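Peer 1: Got a structure for you, written out below as structure tokens; questions coming shortly.
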There are 2 protein chains.
Amino acid sequence: MVTSAERGKQVRQQLLTAALELIPERGWLAVSTRQLAERAGVAPGLVHYHFDSLPALLRVAAVGAMRETVSEVEDVLTEATDAATGLDLMLRALDDYTGTDPTSLLFVETYLAATRDEALRADLADVLAGFRDRLTHWLDGIGTPDPANTAAVLAASIDGLLLHRALHPDLTARAVSPVLLRVLTAREGN
Amino acid sequence: MVTSAERGKQVRQQLLTAALELIPERGWLAVSTRQLAERAGVAPGLVHYHFDSLPALLRVAAVGAMRETVSEVEDVLTEATDAATGLDLMLRALDDYTGTDPTSLLFVETYLAATRDEALRADLADVLAGFRDRLTHWLDGIGTPDPANTAAVLAASIDGLLLHRALHPDLTARAVSPVLLRVLTAREGN
DNA sequence: CTACTGTTTGGGCAGTCGTCCAGGTCGATC
DNA sequence: GATCGACCTGGACGACTGCCCAAACAGTAG
């Protein structure tokens with residue numbers, strides 16, 4: 001007992017999953033409707049039945065996946081009550097992302113696509129603001145000075161590290177953690 | 001008295017300049033030979049006369065421009081003999097790059113393209129290694145602990161800040177400088 | 001059974017793509 | 001003058017693009 005509406009939702013989901021594979025593989029601008037349909041095991045015409053346009057499909061897929069990933073990283077913080085273990089846990093969680101893995105590439109591809117897509121830029125700014133707020137609150141709780149700016153720099157540093165890691169693979173938590181820890185634990189009066 | 005060889009070099013240069021405009025505008029993968037020729041004010045066939053292929057043209061243009069930009073940022077350091085002014089000068093030099101300006105976008109586009117182009121990845125790793133070495137040497141001179149890892153994190157943070165600045169415009173030197181300064185001036189024993 | 005709904009199919013449309021190349025241009029050399 | 005070689009032109013080639021749509025399909029309701 002499978003209604004056609006249920007099969008429809010499933011096809012929609014398969015297309016979104018295919019997009020999350022193809023964006024890192026080929027690049028945001030090189031993903032085509034026919035590649036998407038083939039990867040999803042579905043007829044080409046279905047792309048424009050389930051979505052308004054190709055960019056709209058990519059936008060829904062990318063933003064959804066990014067929200068999930070960010071909230072996983074955030075969750076790590078709830079277990080930490082001091083700077084050293086919190087930062088270390090978070091950076092360790094990021095060690096899975098090597099800079100060339102699908103998730104890292106998806107993030108950077110989406111950042112770039114957002115500079116050419118108004119709607120995507122708005123969605124992305126929302127995701128990022130949520131992460132910064134979450135980080136600010138945690139930093140405030142452990143007594144870090146200037147928590148808002150520190151959170152902004154920390155969030156940016158994390159994405160920069162993923163970007164550089166593709167060219168500099170030994171940029172792991174072990175190397176980075178002690179350096180960034182100074183940002184969180186420095187004494188007052190810089 | 002203009003030889004045809006001289007005009008040839010000029011056309012080649014015009015194509016490279018056009019590439020530096022179009023890569024940020026349209027995105028690396030969306031730059032076409034005909035757009036390039038039109039922007040350079042030149043016949044379409046010339047692209048494949050002066051360059052082996054489209055990716056080869058983009059590679060030469062991007063790597064050349066990045067080398068120049070990086071060396072400009074490096075030069076700022078030669079005037080600074082302490083952490084606070086060096087970092088501040090460098091971050092101020094970066095305030096011109098808003099995250100949506102052509103130079104910032106060129107950097108990120110090139111990072112991404114490098115994940116799909118072996119030759120580009122090698123060239124880019126070379127540029128980055130040069131910057132990290134330059135930064136490491138400067139940090140060592142002013143007595144920063146663990147200069148190599150600090151330089152790597154600092155270089156990555158800079159690119160991350162450019163990436164985030166597109167979505168968070170108030171992430172300027174004024175906000176960032178005091179935070180990153182902690183990385184350079186923390187006391188021993190974290 | 002018929003009528004109706006939402007889903008699916010596969011090809012058509014006009015346009016762009018990277019690359020190639022036969023032929024044309026023009027200054028330098030003999 | 002003729003010859004040479006580098007530089008340039010503009011169109012041709014097959015392949016691909018996003019989007020659209022008439023027609024086929026299946027499952028539900030009357």
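In the structure tokens, each chain is lettered A, B, ... as it comes, each chain's residues begin at 1, and ligands are numbered from 1 in order of appearance.
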Return as CSV the residues of chain C lying at most 8 Å from chain A, together with the closest atom-to-atom pair for each and the distance in Å to one decimal, counting only C-alpha atoms (C1' of nucleotides), with rows in chain order and ascending residue number.
Peer 2:
residue,atom,partner,partner_atom,distance
C:DG6,C1',A:Ala5,CA,7.0
C:DT7,C1',A:Ser4,CA,6.5
C:DT8,C1',A:Leu46,CA,7.3
C:DT9,C1',A:Ala43,CA,6.9
Peer 1: So which bits of chain B end up helix (DSSP H, G or I) when you DSSP the backbone, as an NGL selection string?
Peer 2: :B and (4-26 or 28-30 or 33-40 or 44-50 or 54-77 or 83-94 or 102-114 or 118-141 or 147-165 or 173-185)
Peer 1: Keeping only C-alpha atoms, write the selected residues to a file as a CSV table (one decimal), in the first residue's frame.
Peer 2:
chain,number,residue,atom,x,y,z
B,4,SER,CA,53.1,40.9,-34.4
B,5,ALA,CA,54.8,39.1,-31.6
B,6,GLU,CA,54.3,42.0,-29.4
B,7,ARG,CA,50.7,42.3,-30.2
B,8,GLY,CA,50.4,38.6,-29.6
B,9,LYS,CA,51.8,39.0,-26.0
B,10,GLN,CA,49.3,41.8,-25.5
B,11,VAL,CA,46.4,39.7,-26.6
B,12,ARG,CA,47.5,36.9,-24.3
B,13,GLN,CA,47.6,39.4,-21.4
B,14,GLN,CA,44.1,40.7,-22.3
B,15,LEU,CA,42.8,37.2,-22.1
B,16,LEU,CA,44.3,36.7,-18.7
B,17,THR,CA,42.9,39.9,-17.5
B,18,ALA,CA,39.4,39.0,-18.8
B,19,ALA,CA,39.7,35.7,-16.9
B,20,LEU,CA,40.4,37.5,-13.7
B,21,GLU,CA,37.2,39.5,-14.2
B,22,LEU,CA,35.0,36.6,-15.3
B,23,ILE,CA,36.0,34.0,-12.7
B,24,PRO,CA,34.5,35.9,-9.8
B,25,GLU,CA,31.6,37.2,-11.9
B,26,ARG,CA,30.3,33.9,-13.3
B,28,TRP,CA,35.2,29.2,-12.5
B,29,LEU,CA,33.1,26.5,-14.2
B,30,ALA,CA,30.8,28.9,-16.0
B,33,THR,CA,35.9,30.7,-24.2
B,34,ARG,CA,33.5,33.0,-26.0
B,35,GLN,CA,32.8,35.2,-23.0
B,36,LEU,CA,36.6,35.4,-22.5
B,37,ALA,CA,37.2,36.5,-26.0
B,38,GLU,CA,34.4,39.0,-26.0
B,39,ARG,CA,35.6,40.6,-22.7
B,40,ALA,CA,39.1,40.7,-24.0
B,44,PRO,CA,37.1,33.5,-30.1
B,45,GLY,CA,39.6,31.3,-31.9
B,46,LEU,CA,42.5,33.1,-30.2
B,47,VAL,CA,41.8,31.4,-26.8
B,48,HIS,CA,43.0,28.1,-28.2
B,49,TYR,CA,45.8,29.7,-30.1
B,50,HIS,CA,47.5,31.2,-27.0
B,54,LEU,CA,40.3,26.7,-21.2
B,55,PRO,CA,41.3,25.2,-17.9
B,56,ALA,CA,45.0,26.0,-18.7
B,57,LEU,CA,44.2,29.6,-19.3
B,58,LEU,CA,42.2,29.9,-16.0
B,59,ARG,CA,45.0,28.2,-14.1
B,60,VAL,CA,47.7,30.6,-15.4
B,61,ALA,CA,45.5,33.7,-14.7
B,62,ALA,CA,44.4,32.7,-11.2
B,63,VAL,CA,47.8,31.5,-9.9
B,64,GLY,CA,49.6,34.6,-11.2
B,65,ALA,CA,47.1,37.0,-9.6
B,66,MET,CA,47.2,35.1,-6.3
B,67,ARG,CA,51.0,35.2,-6.1
B,68,GLU,CA,50.8,39.0,-6.6
B,69,THR,CA,48.1,39.6,-4.0
B,70,VAL,CA,49.8,37.3,-1.4
B,71,SER,CA,53.2,39.1,-1.8
B,72,GLU,CA,51.5,42.4,-1.3
B,73,VAL,CA,50.1,41.2,2.0
B,74,GLU,CA,53.5,39.8,3.0
B,75,ASP,CA,55.2,43.1,2.3
B,76,VAL,CA,53.2,44.7,5.0
B,77,LEU,CA,54.9,42.5,7.6
B,83,ALA,CA,52.7,41.4,17.0
B,84,ALA,CA,50.1,44.1,17.6
B,85,THR,CA,51.1,46.4,14.8
B,86,GLY,CA,52.0,43.6,12.4
B,87,LEU,CA,48.7,41.8,12.8
B,88,ASP,CA,46.8,45.1,12.6
B,89,LEU,CA,48.6,46.3,9.5
B,90,MET,CA,47.9,42.9,7.8
B,91,LEU,CA,44.2,42.8,8.8
B,92,ARG,CA,43.8,46.4,7.7
B,93,ALA,CA,45.3,45.5,4.3
B,94,LEU,CA,42.7,42.8,4.1
B,102,PRO,CA,36.7,40.1,-7.2
B,103,THR,CA,39.9,39.2,-5.4
B,104,SER,CA,38.3,37.4,-2.5
B,105,LEU,CA,36.1,35.4,-4.8
B,106,LEU,CA,39.0,34.6,-7.1
B,107,PHE,CA,40.8,33.0,-4.1
B,108,VAL,CA,37.9,30.8,-3.1
B,109,GLU,CA,37.0,29.9,-6.7
B,110,THR,CA,40.6,28.8,-7.2
B,111,TYR,CA,40.7,26.8,-4.0
B,112,LEU,CA,37.7,24.9,-5.2
B,113,ALA,CA,38.9,24.4,-8.7
B,114,ALA,CA,42.1,23.0,-7.3
B,118,GLU,CA,45.8,18.3,-10.3
B,119,ALA,CA,48.1,20.9,-11.8
B,120,LEU,CA,46.3,23.8,-10.2
B,121,ARG,CA,46.5,22.1,-6.8
B,122,ALA,CA,50.2,21.8,-7.1
B,123,ASP,CA,50.6,25.5,-8.1
B,124,LEU,CA,48.3,26.6,-5.3
B,125,ALA,CA,50.0,24.5,-2.6
B,126,ASP,CA,53.2,26.2,-3.6
B,127,VAL,CA,51.8,29.7,-3.2
B,128,LEU,CA,50.3,28.8,0.1
B,129,ALA,CA,53.5,27.2,1.4
B,130,GLY,CA,55.4,30.4,0.5
B,131,PHE,CA,53.0,32.5,2.5
B,132,ARG,CA,53.1,30.2,5.5
B,133,ASP,CA,56.9,30.2,5.5
B,134,ARG,CA,57.0,34.0,5.3
B,135,LEU,CA,54.5,34.2,8.2
B,136,THR,CA,56.3,31.6,10.3
B,137,HIS,CA,59.6,33.5,9.9
B,138,TRP,CA,58.0,36.7,11.1
B,139,LEU,CA,56.2,35.1,14.0
B,140,ASP,CA,59.5,33.4,15.1
B,141,GLY,CA,61.2,36.8,15.0
B,147,PRO,CA,55.4,29.7,15.0
B,148,ALA,CA,54.8,27.1,12.3
B,149,ASN,CA,51.4,25.9,13.6
B,150,THR,CA,50.4,29.5,14.5
B,151,ALA,CA,51.2,30.6,11.0
B,152,ALA,CA,49.2,27.8,9.5
B,153,VAL,CA,46.2,28.6,11.6
B,154,LEU,CA,46.6,32.4,11.0
B,155,ALA,CA,46.7,31.8,7.2
B,156,ALA,CA,43.6,29.6,7.3
B,157,SER,CA,41.8,32.1,9.6
B,158,ILE,CA,42.4,34.9,7.1
B,159,ASP,CA,40.8,33.0,4.2
B,160,GLY,CA,38.0,31.9,6.5
B,161,LEU,CA,37.3,35.5,7.5
B,162,LEU,CA,37.1,36.5,3.8
B,163,LEU,CA,34.7,33.7,3.3
B,164,HIS,CA,32.4,34.7,6.2
B,165,ARG,CA,32.7,38.4,5.5
B,173,ALA,CA,39.9,44.4,11.3
B,174,ARG,CA,38.5,46.4,14.2
B,175,ALA,CA,36.5,43.4,15.4
B,176,VAL,CA,38.9,40.7,14.5
B,177,SER,CA,42.3,42.1,15.4
B,178,PRO,CA,42.0,42.0,19.2
B,179,VAL,CA,40.8,38.4,19.0
B,180,LEU,CA,43.6,37.1,16.8
B,181,LEU,CA,46.1,39.1,18.7
B,182,ARG,CA,45.6,36.7,21.6
B,183,VAL,CA,46.9,33.9,19.3
B,184,LEU,CA,50.1,35.7,18.9
B,185,THR,CA,50.8,37.1,22.4
Peer 1: Using only C-alpha atoms (C1' of nucleotides) and a cut-off of 12 Å, which residues of chain D sit close to chain B? Please list them as a PyMOL selection string.
Peer 2: chain D and resi 5-11+17
Peer 1: For DG15 of chain C, find every residue with an atom within 12 Å (counting only C-alpha atoms (C1' of nucleotides)), except residues of its own chain fewer than 4 positions away, and show them as a PyMOL selection string.
Peer 2: chain D and resi 16-19
Peer 1: Go ahead and save the picked residues with N, CA and C atoms (P, O5', C5', C4', C3', O3' and C1' of nucleotides), as a PDB file, in the first residue's frame.
Peer 2:
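Saved as part.pdb:
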ATOM      1  P    DC D  16      27.609  14.309 -24.304  1.00  0.00           P
ATOM      2  O5'  DC D  16      26.914  15.499 -23.501  1.00  0.00           O
ATOM      3  C5'  DC D  16      27.730  16.513 -22.928  1.00  0.00           C
ATOM      4  C4'  DC D  16      26.946  17.799 -22.819  1.00  0.00           C
ATOM      5  C3'  DC D  16      25.658  17.703 -21.991  1.00  0.00           C
ATOM      6  O3'  DC D  16      25.923  18.105 -20.650  1.00  0.00           O
ATOM      7  C1'  DC D  16      25.494  19.178 -23.896  1.00  0.00           C
ATOM      8  P    DT D  17      24.720  18.064 -19.536  1.00  0.00           P
ATOM      9  O5'  DT D  17      23.986  19.471 -19.679  1.00  0.00           O
ATOM     10  C5'  DT D  17      24.732  20.684 -19.497  1.00  0.00           C
ATOM     11  C4'  DT D  17      23.846  21.877 -19.794  1.00  0.00           C
ATOM     12  C3'  DT D  17      22.448  21.783 -19.187  1.00  0.00           C
ATOM     13  O3'  DT D  17      22.516  22.199 -17.838  1.00  0.00           O
ATOM     14  C1'  DT D  17      22.361  22.626 -21.438  1.00  0.00           C
ATOM     15  P    DG D  18      21.323  21.847 -16.800  1.00  0.00           P
ATOM     16  O5'  DG D  18      20.196  22.925 -17.140  1.00  0.00           O
ATOM     17  C5'  DG D  18      20.466  24.307 -17.010  1.00  0.00           C
ATOM     18  C4'  DG D  18      19.220  25.110 -17.341  1.00  0.00           C
ATOM     19  C3'  DG D  18      18.001  24.765 -16.489  1.00  0.00           C
ATOM     20  O3'  DG D  18      17.249  25.958 -16.266  1.00  0.00           O
ATOM     21  C1'  DG D  18      17.571  24.198 -18.762  1.00  0.00           C
ATOM     22  P    DC D  19      15.987  25.892 -15.242  1.00  0.00           P
ATOM     23  O5'  DC D  19      14.802  25.639 -16.272  1.00  0.00           O
ATOM     24  C5'  DC D  19      14.673  26.500 -17.415  1.00  0.00           C
ATOM     25  C4'  DC D  19      13.663  25.935 -18.387  1.00  0.00           C
ATOM     26  C3'  DC D  19      12.329  25.508 -17.759  1.00  0.00           C
ATOM     27  O3'  DC D  19      11.322  26.400 -18.234  1.00  0.00           O
ATOM     28  C1'  DC D  19      13.096  23.957 -19.394  1.00  0.00           C
TER      29       DC D  19
END
